[in-house]
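Written out below as structure tokens is the structure these notes cover.
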Amino acid sequence: MKKEVITDETDQICHRRRRTGSADSGSGRMCSTNTKADSANVSGKVTAVGSTALQPLVEQAAKDFQTTHTKVNLSVQGGGSGTGLSQVQSGSVQIGNSDIFADQQTGITASKLKDHKVAVVGMTPVVNKDVDVKSLTMDQLKQIFTGKVTNWKQLGGKDEAITVINRAAGSGTRATFENAVLKGATAIKTQEQDSNGTVQKIVSTTPGAISYLAFSYVNDSLRALNIDGVKPTAANVETNKWKIWSYEHMYTLKSKDNKAADAFIKYVQSSKVQKSLVKKLGYISIANMKVQMDAHNKVTTIK
Amino acid sequence: MMNAKQSDRLATVVIYTLVGVVIATLVFLLGYILFQGVPHISWRFLTTASSNMTAGGGIRDQLFNSLYLLVLTTIISVPIALGAGIYLSEYAPHNAVTSFVRSAIEVLSSLPSIVVGLFGYLVFALKFNLGFSVLTGAIALTVFNLPILTRNIEESLEDVPNLQREAGLSLGLSRWRTTTKIVLPTAIPGILTGIILSAGRVFGEAAALIYTAGQSNINVSYTDWNPFNASSFLNPMRPAETLAVHIWQLNTEGVTPDAKAISAGASAVLIIVILLVNLGARGLGGLVYRRLTGKQAKGAA
Amino acid sequence: MQLTRTNAMIQDELTHSSRETRQDTRGRALTYLSIGLVVVLVVAIIYFIAARGVATFTTNHVTLSEFFGINWQPTATDSNGRPEVGALPMMVTSFSVTILAALVATPFALSVAMFMTDIAERRGAKLLQAVIELLVGIPSVVYGFIGLAVVVPFLRRLAGGTGFGILAGTIVLCVMVLPTVTSLAAASIRAVPLSLRQASYAMGATRWQTLRKVVLRAATPGIITAIILGMARAFGEALAVQMVIGNTTVLPRGLFTPTSTLTSTLTTEMGNTVPGTLQNNVLWSLALILLAMSLVFNLLVRLVGRKGALPS
């Protein structure tokens, strides 16, 4: 029974975490108690709230999960990472979905929360199709978003003003991008949008526009850029050759043990979901990562 | 200096021009939405559940949820708005307090949806423990609709000539009876306009519902007619994503390959449903009006 | 025996209220209850917003001059370590788009309303009204995307720049408030008694003279309400405006530069903040300002409207 429910994939992750002494206490604890947590008998009402970027994955996983765990009543809602973290912290909901480490969110006591990383998202700069620049250096990208470069001509392209579209202040996507690209510098005041879909549409309709998107939203209406010659692919994220990526988290409250919530999160982390759903929805499986990142954006290799 | 005839002609030309511009805009807008959306509408599209990741999802649950939410919201908001409107028009003293209440109600309708949504979430979903549910959504939408409904009902009542009230009162009818039996029926066409406008808002609203009715569905059974069963489609305590919220979701974080097509199809369906509800309400209103007053409606009812 | 009964009956009639009165009392109680509910709701929401909105100043000690400044970046602090919460750009923009949208929409709405009530034949008017009311139900997002696909590129070609800005916002809002203003104005124009129109025509007035000097003036209070509710909608609209206005928190330098309204900033940033923090409180302050501005608007429009109305 035990061997059936603990997939080798999760085992592996647990194994790695234990060996590397990861700061991520959440998954560590789960690994040691997983025999209890996952059983078909769990029941109860679980509400997951937060990140809209993570919502499609969690929602679909919830649907699948409930076909085998019929006594669990799962409801997955959006509302934003800040909402998710604050609602799980106050105990109003059982799971808070977040694009951002709880440590990085103002007003959240991260020590009260248990982090469960469920997927990795890669992000890439995207431009309108009329921009003829194909690749940028990390420094050029920084200069664009800090307003030092304002015309594509300065980067070897045609004479066209750059329209910078940033993501909403305080959002996980923005934080990831600023950590990886701006490295402490302040972005210029410019257009801010809060969803991948809106950014996608604005960039594809505005000549000279640049912004950044999660990999899964890149389509043929716009163009992704290479950075320092590296292509934005899942394989490059897994080795950290592509630097702009972050985790998707599901947080639970440490003081409030909820078996149904734990069982569900474990299901999301299982190889079944990681190998199919996660990939299909354009995320990168945590099991494939050869590096890990802590809440202070320090990246280390998983040995 | 123009004479009266010339200015009348000029005014007519201006009015026709402006109306022409509006009609052109209407035709363009509706044409745009229908042209893009109608090709995607099929029986299958209307009767299949939505999908988060694969192409080919439908809008069955969202369509039903929109209608169900409309019914619930109307049941909650119309009686309250009627009472409040009657009070403001028939009973309220003409003083500063009354006019302040009036302004406060109107100001309420300028609140951004998200504020009403968060209010609904923190107060009704959490404090009153209703959770993400159709009921919470209906209450939030009631908050939205009350201003426009109340003011509209009040106006419609005030437009009824005083002669009618005097006639009722002089026959020895009480004020209440005069209002409900004579004044109210006469005001039905105007009241209907308010109800239809607020119904439109219920269909089109997204931001307020994300925090209240929720942004995802649970599996419901359409054969279970007992609203107290958790899986019944009539259960008002289940979370429910409406069409407008679904369209919003598809356009902001949708990852299905056919998100664009579904969004276009759903928008077209929404417009058609609103048109049907609109016509239905008018038809029903006209019928009630004729029953109660025994004459043909004067206005658009 | 007979006498005493009659006495009792008379006594009963004199000391107890009649059926009609009792009914009236019950009915009146019902309306009191309803208006009470509405008032409680209004007060609750205003308190709810005010309590959070005021916390910016009481708990986070932001000064009023900082709040009315022009630098908005609540997640960062300026060189003095003070939070950057200047909301003036958004106030100016919200004010501008709302006024402009109302100014542009009103002539259109009144024309259509008069057309439906006094000019067109009934069948055409009915159809037009039904179609206009359809517009209310189109989700904001759809308006936003059509604006992005049609209005913004058009303005880009017309005026250069990116096309995002106050004018794009105004155009989109104009269409969005049109149904509200038109339907409510039409309802009040329709309610002007036929006898007034007949009297005017009988004196030899033209249609325009009748409309302008009699009908519109008699309907003024209703038209004012229509405009106010339309402006309220413009004030509160977020998702559509956010996509076409450029959503940049800087002071607008004209009709064609990207800027941001109170509502669009509020909606963009709310989900990423945690209740109780400065970043969250200051967004509620925006909502509070919105309410205050909306109230001032309301009173102003009423004041202007009173002058145009027929003396009653």
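Please note that chains go A, B, ... in the order of the structure tokens, that every chain numbers its residues from 1, and that ligands are numbered from 1 in the order shown.
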
All alpha helix (DSSP H) positions in range 156-237 of chain C, as a VMD selection string: chain C and resid 156 to 159 166 to 190 194 to 202 207 to 210 216 to 218 220 to 236

Expected answer as a PyMOL selection string: chain B residues within 7 Å of chain C, only C-alpha atoms: chain B and resi 4-5+8+11+15+18-19+80+83-84+86-87+103+105-114+155+159+173-176+190+193+197+200-201+203-205+244+248+271+274-275+278+299-300

Residues of chain B within 6 Å of chain A, counting only C-alpha atoms, as a PyMOL selection string: chain B and resi 52+214-215+251-253

Spatial neighbours of range 202-207 of chain A, 8 Å, only C-alpha atoms, chain gap at least 3 places, as a list in words: Val126, Val127, Asn128, Lys129, Asp130, Val131, Thr163, Ile165, Thr198, Val199, Ile210, Ser211, Ser221 and Leu222 of chain A; Leu148, Ala149, Pro153, Thr162 and Met243 of chain C

Restricting the output to C-alpha atoms, write the selected residues as a tab-separated table (two decimals), in the first residue's frame.
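File out05.tsv, as written:
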chain	number	residue	atom	x	y	z
A	126	VAL	CA	8.46	39.02	-25.71
A	127	VAL	CA	8.22	41.68	-28.38
A	128	ASN	CA	5.79	42.75	-31.05
A	129	LYS	CA	6.40	40.97	-34.31
A	130	ASP	CA	7.54	44.12	-36.11
A	131	VAL	CA	10.60	44.38	-33.86
A	163	THR	CA	6.95	50.70	-25.60
A	165	ILE	CA	4.86	47.03	-20.72
A	198	THR	CA	-3.70	41.03	-21.37
A	199	VAL	CA	0.05	41.47	-21.83
A	210	ILE	CA	8.23	44.67	-25.19
A	211	SER	CA	7.10	42.82	-22.08
A	221	SER	CA	1.07	36.55	-32.38
A	222	LEU	CA	4.31	37.77	-30.80
C	148	LEU	CA	-7.50	47.48	-27.86
C	149	ALA	CA	-8.13	46.05	-31.32
C	153	PRO	CA	-4.74	51.52	-33.27
C	162	THR	CA	1.05	54.60	-28.62
C	243	MET	CA	-6.56	47.97	-21.24

Using only C-alpha atoms, find each residue in chain C having at least one atom no more than 8 Å away from chain A; report its shortest atom-to-atom pair and that distance in Å (one decimal), rows by chain then rising number, as CSV.
residue,atom,partner,partner_atom,distance
C:Gln73,CA,A:Ala169,CA,7.8
C:Thr75,CA,A:Gly170,CA,6.6
C:Leu148,CA,A:Ile202,CA,7.3
C:Ala149,CA,A:Thr205,CA,7.1
C:Pro153,CA,A:Thr206,CA,7.9
C:Thr162,CA,A:Thr206,CA,7.2
C:Gln242,CA,A:Gln193,CA,7.9
C:Met243,CA,A:Thr198,CA,7.5
C:Gly246,CA,A:Gln191,CA,5.4
C:Asn247,CA,A:Gln191,CA,5.0
C:Thr248,CA,A:Gln191,CA,4.4
C:Thr249,CA,A:Lys189,CA,7.1
C:Val250,CA,A:Lys189,CA,7.5
C:Pro258,CA,A:Gln191,CA,7.3
C:Thr259,CA,A:Gln191,CA,7.9
C:Thr268,CA,A:Asp194,CA,5.7
C:Glu269,CA,A:Ala168,CA,6.3
C:Gly271,CA,A:Gly80,CA,4.2
C:Asn272,CA,A:Gly82,CA,4.1
C:Thr273,CA,A:Gly82,CA,4.6
C:Val274,CA,A:Gly82,CA,5.2
C:Pro275,CA,A:Ser86,CA,7.0
C:Gly276,CA,A:Gly107,CA,7.1
C:Thr277,CA,A:Gly107,CA,5.6

Need to verify the contact set: Glu248 in chain A, 6 Å, only C-alpha atoms, exclusion of same-chain residues closer than 4 positions in sequence. Can you return it as a PDB file with C-alpha atoms, in the first residue's frame?
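Saved the output as selection05.pdb:
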ATOM      1  CA  ASP A  99       3.609  32.873  -7.455  1.00  0.00           C
ATOM      2  CA  LYS A 117       6.401  23.887  -4.434  1.00  0.00           C
ATOM      3  CA  VAL A 118       4.301  22.340  -7.155  1.00  0.00           C
ATOM      4  CA  ALA A 119       5.736  23.600 -10.431  1.00  0.00           C
ATOM      5  CA  VAL A 120       8.287  25.879 -12.050  1.00  0.00           C
TER       6      VAL A 120
END

Residue neighbourhood Phe233 in chain B, 6 Å, only C-alpha atoms, exclusion window fewer than 2 positions, as a ChimeraX atom specification: /B:220-222,235

Surrounding residues of Phe57 in chain C excluding itself and chain neighbours under 6 positions, 12 Å, only C-alpha atoms, as a PyMOL selection string: chain C and resi 50-51+63-67+83+85+278+281-282+284-285

Two-atom distance - CA of Leu234 in chain B, CA of Asp64 in chain A (Å):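 CA of Asp64 in chain A lies 23.2 Å from CA of Leu234 in chain B.
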
Shell around Val143 in chain B at 10 Å using only C-alpha atoms, local window under 2 positions removed, as a VMD selection string: (chain B and resid 73 77 108 to 109 116 to 117 119 to 120 137 to 141 145 to 148) or (chain C and resid 38 41 to 42 45)

Put those residues in a file: C-alpha atoms, as a tab-separated table (two decimals), in the first residue's frame.
chain	number	residue	atom	x	y	z
B	73	THR	CA	-30.25	38.28	-7.74
B	77	SER	CA	-32.92	42.77	-5.16
B	108	LEU	CA	-22.74	53.51	-4.28
B	109	SER	CA	-23.06	52.63	-7.94
B	116	VAL	CA	-17.92	45.40	-3.95
B	117	GLY	CA	-16.42	41.98	-4.56
B	119	PHE	CA	-16.79	43.59	0.56
B	120	GLY	CA	-18.93	40.63	-0.39
B	137	GLY	CA	-22.50	36.28	-5.63
B	138	ALA	CA	-26.17	37.19	-5.75
B	139	ILE	CA	-25.80	39.35	-2.64
B	140	ALA	CA	-22.78	41.14	-4.10
B	141	LEU	CA	-24.68	41.79	-7.31
B	145	ASN	CA	-28.02	46.73	-8.60
B	146	LEU	CA	-29.78	48.36	-5.68
B	147	PRO	CA	-28.74	51.91	-6.57
B	148	ILE	CA	-29.85	51.77	-10.17
C	38	VAL	CA	-30.48	49.85	1.74
C	41	LEU	CA	-25.85	48.46	3.28
C	42	VAL	CA	-24.67	51.87	2.13
C	45	ILE	CA	-19.86	49.68	2.67

Using only C-alpha atoms: which of B:Gly131, B:Gly194, B:Gly285, B:Gly85 has the shortest distance to Ala48 in chain A: B:Gly131
